[in-house]
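Undergrad: File entry-v4.cif follows (mmCIF, C-alpha atoms):
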```cif
data_entry
#
loop_
_atom_site.label_atom_id
_atom_site.label_comp_id
_atom_site.auth_asym_id
_atom_site.auth_seq_id
_atom_site.Cartn_x
_atom_site.Cartn_y
_atom_site.Cartn_z
CA LEU A 1 -19.76 -15.33 -49.18
CA ASP A 2 -16.18 -16.59 -49.23
CA ARG A 3 -15.60 -17.14 -45.54
CA LEU A 4 -17.69 -17.95 -42.48
CA ILE A 5 -16.33 -17.24 -39.02
CA VAL A 6 -17.99 -18.51 -35.85
CA VAL A 7 -17.23 -16.44 -32.74
CA GLY A 8 -17.65 -18.09 -29.34
CA LEU A 9 -18.96 -15.85 -26.58
CA GLY A 10 -19.25 -18.38 -23.78
CA LYS A 11 -22.37 -19.14 -21.78
CA ALA A 12 -25.34 -17.01 -22.80
CA ALA A 13 -26.14 -16.00 -19.23
CA GLU A 14 -22.62 -14.68 -18.73
CA ILE A 15 -22.29 -12.59 -21.90
CA GLY A 16 -21.74 -8.92 -21.10
CA GLU A 17 -20.83 -5.74 -22.93
CA LEU A 18 -17.11 -6.41 -22.72
CA ASP A 19 -17.57 -9.84 -24.31
CA ALA A 20 -19.45 -8.32 -27.23
CA GLN A 21 -16.77 -5.64 -27.62
CA ALA A 22 -14.03 -8.26 -27.57
CA ALA A 23 -15.88 -10.26 -30.24
CA GLY A 24 -16.10 -7.21 -32.50
CA GLY A 25 -12.45 -6.38 -31.93
CA ALA A 26 -11.34 -9.96 -32.57
CA MET A 27 -13.33 -10.10 -35.79
CA PHE A 28 -11.80 -6.88 -37.04
CA ALA A 29 -8.27 -8.06 -36.22
CA THR A 30 -8.81 -11.46 -37.85
CA LEU A 31 -10.40 -10.23 -41.06
CA SER A 32 -8.20 -7.17 -41.53
CA SER A 33 -5.10 -9.35 -41.49
CA ALA A 34 -6.62 -11.81 -43.98
CA GLU A 35 -7.08 -9.25 -46.79
CA HIS A 36 -10.88 -9.19 -46.65
CA LYS A 37 -12.56 -5.97 -47.75
CA THR A 38 -16.07 -6.30 -46.31
CA ALA A 39 -17.73 -8.34 -43.59
CA GLN A 40 -21.05 -8.86 -41.86
CA MET A 41 -21.62 -9.84 -38.26
CA ILE A 42 -25.04 -11.30 -37.42
CA PHE A 43 -26.68 -11.14 -33.99
CA ASP A 44 -29.71 -13.03 -32.82
CA ALA A 45 -31.35 -13.53 -29.45
CA PHE A 46 -29.79 -16.04 -27.05
CA ASP A 47 -31.90 -17.69 -24.36
CA GLY A 48 -30.80 -16.40 -20.99
CA CYS A 49 -28.61 -13.61 -22.37
CA ALA A 50 -29.06 -10.23 -20.70
CA LEU A 51 -28.01 -8.37 -23.86
CA SER A 52 -30.56 -7.91 -26.62
CA PRO A 53 -29.34 -8.43 -30.20
CA ASP A 54 -29.35 -4.69 -30.89
CA HIS A 55 -27.38 -3.98 -27.71
CA MET A 56 -24.90 -6.72 -28.57
CA ALA A 57 -24.50 -5.44 -32.13
CA ALA A 58 -23.79 -1.89 -30.94
CA GLN A 59 -21.19 -3.10 -28.44
CA ALA A 60 -19.52 -5.33 -31.02
CA ALA A 61 -19.33 -2.42 -33.44
CA TYR A 62 -17.80 -0.32 -30.65
CA GLY A 63 -15.19 -3.00 -30.03
CA ALA A 64 -14.36 -3.21 -33.72
CA VAL A 65 -13.91 0.55 -33.92
CA LEU A 66 -11.64 0.59 -30.86
CA ARG A 67 -9.52 -2.21 -32.33
CA SER A 68 -9.26 -0.45 -35.71
CA TYR A 69 -7.09 2.37 -34.36
CA ARG A 70 -3.77 2.97 -36.11
CA PHE A 71 -1.18 5.67 -35.63
CA ASP A 72 0.51 5.71 -39.02
CA LYS A 73 0.77 9.36 -39.98
CA TYR A 74 4.57 9.17 -40.15
CA ARG A 75 4.77 6.03 -42.31
CA THR A 76 5.92 6.81 -45.84
CA LYS A 77 6.79 3.34 -47.19
CA GLY A 78 3.77 1.23 -46.33
CA ASP A 79 4.36 -2.24 -44.95
CA ASP A 80 8.07 -2.07 -44.15
CA ASN A 81 7.65 -3.67 -40.73
CA GLY A 82 4.83 -6.07 -41.53
CA SER A 83 2.03 -3.86 -40.28
CA GLY A 84 0.49 -2.43 -43.41
CA LYS A 85 -2.94 -0.85 -43.55
CA PRO A 86 -5.84 -3.29 -43.16
CA THR A 87 -7.80 -4.02 -46.30
CA LEU A 88 -11.10 -4.25 -44.40
CA SER A 89 -13.12 -1.18 -45.35
CA SER A 90 -16.55 -1.91 -43.88
CA ILE A 91 -18.36 -4.16 -41.43
CA LYS A 92 -22.12 -4.45 -41.20
CA PHE A 93 -23.58 -5.48 -37.86
CA LEU A 94 -26.95 -7.10 -38.50
CA CYS A 95 -29.78 -7.45 -35.99
CA ALA A 96 -33.57 -7.20 -35.95
CA ASP A 97 -33.79 -3.69 -34.47
CA GLU A 98 -31.29 -1.82 -36.62
CA ALA A 99 -32.54 1.64 -35.58
CA ARG A 100 -32.07 0.85 -31.90
CA ALA A 101 -28.57 -0.50 -32.52
CA LYS A 102 -27.62 2.66 -34.42
CA SER A 103 -28.94 4.82 -31.59
CA LEU A 104 -26.89 2.92 -29.02
CA PHE A 105 -23.79 3.06 -31.18
CA ALA A 106 -24.09 6.81 -31.82
CA ARG A 107 -23.25 7.51 -28.17
CA LEU A 108 -20.47 4.93 -28.07
CA SER A 109 -18.87 6.38 -31.20
CA LYS A 110 -18.39 9.72 -29.42
CA ILE A 111 -16.60 7.97 -26.58
CA ALA A 112 -14.42 6.22 -29.17
CA ASP A 113 -13.58 9.67 -30.59
CA GLY A 114 -12.28 10.66 -27.16
CA VAL A 115 -10.27 7.45 -26.82
CA PHE A 116 -8.73 7.95 -30.27
CA PHE A 117 -7.89 11.57 -29.47
CA THR A 118 -6.05 10.43 -26.34
CA ARG A 119 -4.24 7.67 -28.22
CA ASP A 120 -3.16 10.18 -30.87
CA LEU A 121 -1.80 12.58 -28.26
CA VAL A 122 0.07 9.86 -26.38
CA SER A 123 1.56 8.51 -29.62
CA GLU A 124 2.95 11.81 -30.92
CA PRO A 125 6.72 12.29 -30.58
CA ALA A 126 7.97 14.95 -28.21
CA ASN A 127 9.41 17.11 -30.99
CA VAL A 128 5.83 17.49 -32.28
CA LEU A 129 3.86 17.47 -29.04
CA TYR A 130 5.17 19.82 -26.34
CA PRO A 131 3.40 22.12 -23.90
CA GLU A 132 2.44 24.77 -26.45
CA THR A 133 1.19 22.34 -29.09
CA LEU A 134 -0.61 20.12 -26.58
CA ALA A 135 -2.39 23.21 -25.28
CA LYS A 136 -3.48 23.95 -28.86
CA GLN A 137 -4.87 20.44 -29.14
CA ALA A 138 -6.94 21.13 -26.03
CA GLU A 139 -8.11 24.39 -27.57
CA SER A 140 -9.55 22.43 -30.49
CA LEU A 141 -12.34 21.37 -28.10
CA LYS A 142 -13.80 24.86 -28.33
CA LYS A 143 -15.61 23.82 -31.50
CA LEU A 144 -17.54 21.28 -29.40
CA GLY A 145 -18.63 23.92 -26.90
CA VAL A 146 -15.90 23.43 -24.29
CA LYS A 147 -14.61 26.61 -22.66
CA VAL A 148 -10.81 26.51 -22.79
CA LYS A 149 -8.32 28.80 -21.06
CA VAL A 150 -4.54 28.53 -21.52
CA MET A 151 -2.17 30.10 -19.01
CA GLY A 152 1.47 30.84 -19.74
CA VAL A 153 4.50 31.19 -17.50
CA ALA A 154 3.90 34.82 -16.50
CA GLU A 155 0.36 34.17 -15.30
CA MET A 156 1.36 31.00 -13.45
CA ARG A 157 4.25 32.81 -11.80
CA LYS A 158 1.85 35.52 -10.66
CA LEU A 159 -0.34 32.83 -9.09
CA GLY A 160 2.66 31.38 -7.26
CA MET A 161 2.94 28.03 -9.08
CA GLY A 162 6.55 27.50 -8.14
CA ALA A 163 6.27 23.72 -8.03
CA LEU A 164 5.00 23.33 -11.60
CA LEU A 165 7.26 26.02 -13.02
CA GLY A 166 10.32 24.51 -11.36
CA VAL A 167 9.87 21.34 -13.40
CA GLY A 168 9.77 23.13 -16.74
CA GLN A 169 12.47 25.74 -16.13
CA GLY A 170 15.21 23.66 -17.79
CA SER A 171 13.37 23.38 -21.09
CA ALA A 172 13.33 25.70 -24.07
CA ARG A 173 9.60 24.89 -24.27
CA GLU A 174 7.54 27.10 -21.97
CA SER A 175 5.10 25.44 -19.59
CA ARG A 176 1.33 25.81 -19.81
CA LEU A 177 -1.71 25.21 -17.61
CA VAL A 178 -4.95 24.51 -19.48
CA THR A 179 -8.47 24.66 -18.06
CA MET A 180 -11.35 23.03 -19.96
CA HIS A 181 -14.94 23.48 -18.78
CA TRP A 182 -17.92 21.57 -20.16
CA GLN A 183 -21.19 22.97 -18.80
CA GLY A 184 -23.76 20.44 -19.87
CA ALA A 185 -25.88 20.39 -16.72
CA GLY A 186 -28.05 23.35 -17.76
CA GLY A 187 -27.29 25.65 -14.81
CA ALA A 188 -25.19 28.77 -14.54
CA SER A 189 -21.61 28.44 -13.40
CA LYS A 190 -20.00 30.80 -10.92
CA GLY A 191 -20.18 34.27 -12.40
CA GLY A 192 -22.36 33.11 -15.29
CA LYS A 193 -25.78 34.31 -16.39
CA GLY A 194 -29.10 32.63 -16.90
CA GLY A 195 -30.54 29.40 -15.59
CA LYS A 196 -30.49 28.15 -12.06
CA LYS A 197 -27.29 28.10 -10.05
CA ALA A 198 -25.22 25.07 -11.03
CA ALA A 199 -24.00 22.51 -8.54
CA ALA A 200 -20.26 22.28 -8.01
CA PRO A 201 -18.53 20.59 -10.95
CA ILE A 202 -16.72 17.29 -10.95
CA ALA A 203 -13.05 17.90 -11.77
CA PHE A 204 -10.33 15.89 -13.49
CA VAL A 205 -6.66 16.88 -13.34
CA GLY A 206 -3.95 15.40 -15.56
CA LYS A 207 -0.16 15.27 -15.45
CA GLY A 208 1.17 16.48 -18.78
CA VAL A 209 4.94 15.97 -18.91
CA THR A 210 5.37 15.95 -22.67
CA PHE A 211 8.85 14.50 -22.33
CA ASP A 212 10.53 13.37 -19.15
CA SER A 213 14.30 13.07 -19.35
CA GLY A 214 14.40 13.01 -15.56
CA GLY A 215 16.00 16.45 -15.54
CA ILE A 216 19.32 16.69 -13.69
CA SER A 217 18.47 13.32 -12.09
CA ILE A 218 18.57 12.00 -15.61
CA LYS A 219 17.07 8.65 -16.56
CA PRO A 220 19.07 5.79 -18.10
CA ALA A 221 19.17 5.92 -21.90
CA ALA A 222 17.46 2.54 -22.38
CA GLY A 223 13.75 3.08 -22.78
CA MET A 224 13.87 6.85 -22.44
CA GLU A 225 12.02 7.16 -25.75
CA ASP A 226 8.93 5.91 -23.93
CA MET A 227 8.86 9.10 -21.92
CA LYS A 228 7.02 10.87 -24.73
CA TRP A 229 3.89 9.37 -23.15
CA ASP A 230 4.54 10.78 -19.69
CA MET A 231 1.67 13.14 -20.55
CA GLY A 232 -0.78 10.20 -20.54
CA GLY A 233 -2.79 11.64 -17.65
CA ALA A 234 -3.27 14.95 -19.44
CA GLY A 235 -4.07 13.10 -22.65
CA ALA A 236 -6.78 11.12 -20.87
CA VAL A 237 -8.34 14.26 -19.40
CA ILE A 238 -8.38 16.00 -22.79
CA GLY A 239 -9.83 12.91 -24.46
CA LEU A 240 -12.46 12.62 -21.73
CA MET A 241 -13.54 16.21 -22.26
CA ARG A 242 -13.86 15.50 -25.99
CA ALA A 243 -16.00 12.42 -25.31
CA LEU A 244 -18.27 14.26 -22.86
CA ALA A 245 -18.73 17.25 -25.14
CA GLY A 246 -19.17 15.03 -28.19
CA ARG A 247 -22.05 13.12 -26.66
CA LYS A 248 -23.45 16.26 -24.96
CA ALA A 249 -23.14 14.88 -21.44
CA LYS A 250 -25.61 16.47 -19.02
CA ALA A 251 -22.94 17.26 -16.44
CA ASP A 252 -20.76 20.12 -15.28
CA VAL A 253 -17.17 18.95 -15.69
CA VAL A 254 -13.82 20.71 -15.38
CA GLY A 255 -10.60 19.34 -16.84
CA ILE A 256 -7.22 20.82 -15.90
CA VAL A 257 -3.85 19.78 -17.27
CA GLY A 258 -0.40 20.97 -16.25
CA LEU A 259 1.91 20.83 -19.27
CA VAL A 260 5.70 20.86 -18.91
CA GLU A 261 8.83 19.38 -20.45
CA ASN A 262 11.41 18.07 -17.96
CA MET A 263 14.86 18.64 -19.43
CA PRO A 264 18.44 19.02 -18.13
CA SER A 265 20.15 22.33 -18.89
CA GLY A 266 21.95 25.21 -17.27
CA THR A 267 18.62 26.58 -16.08
CA ALA A 268 17.18 23.26 -14.88
CA GLN A 269 15.99 22.60 -11.36
CA ARG A 270 18.71 20.98 -9.21
CA PRO A 271 18.44 18.28 -6.55
CA GLY A 272 18.35 20.16 -3.25
CA ASP A 273 16.40 23.13 -4.57
CA ILE A 274 13.44 24.33 -2.50
CA VAL A 275 10.33 25.56 -4.31
CA THR A 276 7.17 27.21 -3.03
CA SER A 277 3.91 25.77 -4.34
CA MET A 278 0.76 27.78 -5.04
CA SER A 279 -0.59 26.52 -1.72
CA GLY A 280 2.29 28.25 0.10
CA GLN A 281 3.78 24.93 1.18
CA THR A 282 7.48 24.52 0.48
CA ILE A 283 9.02 21.46 -1.14
CA GLU A 284 12.59 20.22 -1.02
CA VAL A 285 13.30 18.67 -4.43
CA LEU A 286 15.62 15.75 -3.78
CA ASN A 287 15.04 14.05 -7.13
CA THR A 288 14.14 15.98 -10.26
CA ASP A 289 12.74 12.79 -11.80
CA ALA A 290 9.94 12.84 -9.22
CA GLU A 291 8.48 15.76 -11.14
CA GLY A 292 4.90 14.77 -11.92
CA ARG A 293 3.78 15.26 -8.34
CA LEU A 294 5.17 18.81 -8.44
CA VAL A 295 3.12 19.59 -11.53
CA LEU A 296 -0.02 18.08 -10.00
CA ALA A 297 0.49 19.86 -6.68
CA ASP A 298 -0.11 23.26 -8.24
CA ALA A 299 -2.72 22.04 -10.75
CA ILE A 300 -4.78 20.36 -8.02
CA TRP A 301 -4.55 23.35 -5.70
CA TYR A 302 -5.56 25.71 -8.50
CA CYS A 303 -8.49 23.44 -9.33
CA LYS A 304 -9.64 23.27 -5.70
CA GLU A 305 -9.38 27.00 -5.08
CA THR A 306 -10.84 28.16 -8.40
CA PHE A 307 -13.72 25.77 -9.03
CA LYS A 308 -14.59 24.43 -5.55
CA PRO A 309 -15.40 21.03 -7.12
CA ARG A 310 -17.48 18.34 -5.47
CA ALA A 311 -14.62 15.91 -6.14
CA ILE A 312 -11.21 15.86 -7.82
CA ILE A 313 -9.84 12.87 -9.71
CA ASP A 314 -6.28 13.14 -10.97
CA LEU A 315 -4.59 10.87 -13.50
CA ALA A 316 -0.85 10.52 -13.90
CA THR A 317 1.84 8.23 -15.21
CA LEU A 318 3.36 8.92 -11.84
CA THR A 319 5.54 6.06 -10.62
CA GLY A 320 7.36 2.98 -11.81
CA ALA A 321 6.58 1.59 -8.37
CA ILE A 322 2.91 1.08 -9.31
CA MET A 323 4.06 -1.20 -12.14
CA VAL A 324 6.07 -3.26 -9.68
CA SER A 325 2.91 -3.61 -7.60
CA LEU A 326 0.24 -4.12 -10.28
CA GLY A 327 2.02 -4.81 -13.55
CA THR A 328 0.31 -3.58 -16.70
CA GLU A 329 -3.18 -4.93 -16.02
CA LYS A 330 -4.52 -2.49 -13.44
CA ALA A 331 -4.03 1.15 -12.45
CA GLY A 332 -3.44 2.14 -8.86
CA LEU A 333 -6.34 3.85 -7.08
CA PHE A 334 -5.71 6.04 -4.03
CA SER A 335 -8.47 8.00 -2.36
CA ASN A 336 -9.49 9.88 0.78
CA ASP A 337 -13.15 8.95 0.18
CA ASP A 338 -14.49 5.38 0.24
CA ASP A 339 -17.64 6.18 -1.73
CA LEU A 340 -15.70 7.89 -4.52
CA ALA A 341 -13.20 5.03 -4.64
CA ALA A 342 -15.98 2.44 -4.89
CA LYS A 343 -17.69 4.29 -7.74
CA LEU A 344 -14.46 4.57 -9.70
CA PHE A 345 -13.64 0.92 -9.12
CA ASP A 346 -17.08 -0.14 -10.38
CA ALA A 347 -16.79 2.09 -13.45
CA GLY A 348 -13.43 0.51 -14.24
CA GLU A 349 -14.84 -3.00 -13.96
CA ALA A 350 -17.74 -2.11 -16.26
CA GLU A 351 -15.43 -0.69 -18.92
CA GLY A 352 -12.55 -3.13 -18.66
CA GLU A 353 -10.21 -0.41 -17.38
CA HIS A 354 -9.40 -2.03 -14.07
CA LEU A 355 -8.33 -0.28 -10.89
CA TRP A 356 -6.94 -1.65 -7.64
CA ARG A 357 -7.17 0.36 -4.44
CA MET A 358 -3.91 1.05 -2.65
CA PRO A 359 -3.43 2.26 0.93
CA LEU A 360 -2.83 5.71 2.35
CA GLY A 361 -1.84 6.49 5.94
CA LYS A 362 0.10 8.70 8.31
CA GLU A 363 2.89 6.15 8.57
CA TYR A 364 3.59 6.72 4.87
CA ASP A 365 3.12 10.47 5.18
CA ASP A 366 5.92 10.62 7.73
CA LEU A 367 8.36 9.45 5.06
CA LEU A 368 7.99 12.84 3.33
CA LYS A 369 9.33 14.89 6.24
CA SER A 370 12.09 17.29 5.28
CA ASP A 371 14.70 18.87 7.54
CA VAL A 372 14.61 22.16 5.66
CA ALA A 373 11.15 22.53 4.08
CA ASP A 374 7.53 21.56 4.67
CA MET A 375 8.09 18.32 2.75
CA LYS A 376 10.42 16.58 0.34
CA ASN A 377 9.34 15.24 -3.03
CA ILE A 378 10.42 11.62 -2.52
CA GLY A 379 9.85 9.24 0.35
CA GLY A 380 12.63 6.71 -0.05
CA ARG A 381 12.96 3.33 -1.70
CA TRP A 382 9.87 1.57 -0.37
CA GLY A 383 6.21 2.22 -1.18
CA GLY A 384 7.04 4.75 -3.88
CA SER A 385 3.56 4.93 -5.41
CA ILE A 386 2.03 5.36 -1.94
CA THR A 387 4.33 8.17 -0.82
CA ALA A 388 3.68 9.91 -4.17
CA ALA A 389 -0.06 9.77 -3.45
CA GLN A 390 0.52 10.98 0.11
CA PHE A 391 2.38 13.94 -1.37
CA LEU A 392 -0.57 14.82 -3.61
CA GLN A 393 -3.04 14.53 -0.74
CA ARG A 394 -1.37 17.51 0.94
CA PHE A 395 -2.81 19.75 -1.80
CA VAL A 396 -6.37 18.43 -1.72
CA GLY A 397 -7.70 19.77 1.59
CA ASP A 398 -11.11 18.38 2.51
CA THR A 399 -12.25 17.84 -1.09
CA PRO A 400 -13.16 14.22 -1.93
CA TRP A 401 -10.24 13.08 -4.07
CA ALA A 402 -8.92 10.11 -5.97
CA HIS A 403 -5.55 9.61 -7.62
CA LEU A 404 -5.14 7.15 -10.48
CA ASP A 405 -1.55 6.10 -11.13
CA ILE A 406 -1.75 4.94 -14.75
CA ALA A 407 1.95 4.38 -15.43
CA GLY A 408 1.47 0.70 -16.23
CA VAL A 409 -1.62 0.96 -18.42
CA THR A 410 -1.03 4.00 -20.65
CA TRP A 411 1.09 2.18 -23.24
CA TRP A 412 0.97 -1.52 -24.13
CA LYS A 413 3.57 -3.43 -26.13
CA ALA A 414 1.15 -6.15 -27.28
CA ASP A 415 -2.31 -6.20 -28.87
CA LYS A 416 -5.48 -6.65 -26.80
CA PRO A 417 -8.95 -7.44 -28.23
CA THR A 418 -10.00 -3.78 -28.46
CA ILE A 419 -6.61 -2.10 -28.07
CA PRO A 420 -3.78 -2.40 -30.60
CA LYS A 421 -0.30 -2.08 -29.15
CA GLY A 422 0.76 1.47 -28.37
CA GLY A 423 -1.24 4.17 -26.63
CA THR A 424 -4.26 2.70 -24.86
CA GLY A 425 -6.38 5.76 -24.11
CA PHE A 426 -6.83 4.35 -20.61
CA GLY A 427 -9.09 6.45 -18.42
CA VAL A 428 -11.43 7.92 -21.01
CA ARG A 429 -13.96 5.09 -20.96
CA LEU A 430 -13.71 4.58 -17.22
CA LEU A 431 -14.29 8.23 -16.36
CA ASP A 432 -17.00 8.70 -18.98
CA ARG A 433 -18.87 5.82 -17.29
CA PHE A 434 -18.25 7.37 -13.86
CA VAL A 435 -19.72 10.70 -15.02
CA ALA A 436 -22.66 9.03 -16.75
CA ASP A 437 -23.55 6.88 -13.75
CA HIS A 438 -23.14 9.45 -10.98
CA HIS A 439 -23.01 13.02 -12.28
CA GLU A 440 -25.45 13.37 -15.16
CA LYS A 441 -28.95 14.70 -14.67
#
```
Would you mind writing the structure in this file as structure tokens?
TA:
Amino acid sequence: LDRLIVVGLGKAAEIGELDAQAAGGAMFATLSSAEHKTAQMIFDAFDGCALSPDHMAAQAAYGAVLRSYRFDKYRTKGDDNGSGKPTLSSIKFLCADEARAKSLFARLSKIADGVFFTRDLVSEPANVLYPETLAKQAESLKKLGVKVKVMGVAEMRKLGMGALLGVGQGSARESRLVTMHWQGAGGASKGGKGGKKAAAPIAFVGKGVTFDSGGISIKPAAGMEDMKWDMGGAGAVIGLMRALAGRKAKADVVGIVGLVENMPSGTAQRPGDIVTSMSGQTIEVLNTDAEGRLVLADAIWYCKETFKPRAIIDLATLTGAIMVSLGTEKAGLFSNDDDLAAKLFDAGEAEGEHLWRMPLGKEYDDLLKSDVADMKNIGGRWGGSITAAQFLQRFVGDTPWAHLDIAGVTWWKADKPTIPKGGTGFGVRLLDRFVADHHEK
């Protein structure tokens, strides 16, 4: 023993799962930067603490794993920028009931796999990750038992997805729509065989703009490199499907991602163009940098019409306006259903992926009126995240729906206890908890 570290967790009665995770993450960060190779973390019972030692050990191990993430596949010269590989190779988490702790951690490790998958996808540069290659990443879930279908431009055009296809028409990279279906509830899906008839699935839809230049309404050069992670919503949905399949969730879940690259070119969509969505509604495109809502419009409608889900939750790095409202600590939550909104909020609080509910209303909807089409794709300077959500609501119908604007929480520029700077994987843990608490048998 060459070093003893004491970790303060606060009052015993107030210690929760997130505190244990933060302790594990902090220990990993501290020891890995101090050139230690092995460590042990000991847990004993605390009077008044709701967490048993085995539960606390499993959560601390989970936190350490989450904090250990690195995206270094493109480094060739080691520690050039002061962030070399940690020397810490193993941590033992010691408690009385080791078997119970291992059992608890086994489930958590599968969720961590999903988080890491999302972080990897979000971190990849746009010359490596584009619609075709991101679709192939989703197809890798087949080995876990997920049914995956990839649609190309011709099939989407046949379905009438003019809104989604309009976004990608300026790119040399063809757009894709990917459907992932995890049938863990034990029933038979529509058109399937065997078992009892399954209940309607819960559905998650993700915006997958693999690079967003803004199109003809081009963005300023400063910071444009960040737009490789404008597919964070799609990344979260794919990572969630990996987590659910990995831990064999007893739920029927559909994930759909619309994958496009938004580029300026001679074939790009122009401001003033009018496109027809799959729903038949027409959209006047006044700003080609308000493209994510066009992608989601067709993806959500396709989801609703094809799978008849009990609820749809979409995730998107949709607006800078949500960052003005909430900063980088919370994601915006919009919903047409109070019960669904409350369940998502609670799941976020439990997992440390915090949401804040934002308003919807006809007064905001009126800002989308167009003189020449059914709607326009921007609502003006004020309330930009709200008018974007109002736009999406027009493609939901009567289905319970929630929209998570994750623009401020998908990528962090500073370390957190369980999240190193970079891609956060936000949404995977939150939505896994939501499924576990409300949609598993």
Undergrad: Report, in Å with one decimal, the straight-line distance from CA of Asp432 (chain A) to CA of Phe93 (chain A).
TA: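 CA of Phe93 (chain A) lies at a distance of 24.5 Å from CA of Asp432 (chain A).
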Undergrad: Between A:Val324, A:Ser171, A:Asn336, A:Cys303, which residue has the minimum interatomic distance to Met278 (chain A), considering all atoms listed in the file?
TA: A:Cys303
Undergrad: Calculated over all atoms listed in the file, which of the candidates A:Met231, A:Ile91, A:Ile300, A:Ala185 has the smallest distance to His403 (chain A)?
TA: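 So, comparing all the options, the nearest one is A:Ile300.
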Undergrad: Restricting the calculation to only C-alpha atoms, which member of A:Thr267, A:Ser68, A:Gln59, A:Ser279 is positioned closest to Ala299 (chain A)?
TA: A:Ser279
Undergrad: Interatomic distance between CA of Ala350 (chain A) and CA of Arg433 (chain A)?
TA: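 Those two atoms sit 8.1 Å apart.
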Undergrad: What residues come out when you apply the PyMOL selection byres ((chain A and resi 87) around 8) to this file, written as a list in words?
TA: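 Given this file, the PyMOL selection byres ((chain A and resi 87) around 8) evaluates to Ser32, Ser33, Glu35, His36, Lys37, Lys85, Pro86, Leu88 and Ser89 of chain A.
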Undergrad: Just want the 10 Å neighbourhood of Leu4 (chain A), counted on only C-alpha atoms, with same-chain residues fewer than 6 positions away dropped. Output as a count of residues only.
TA: 3
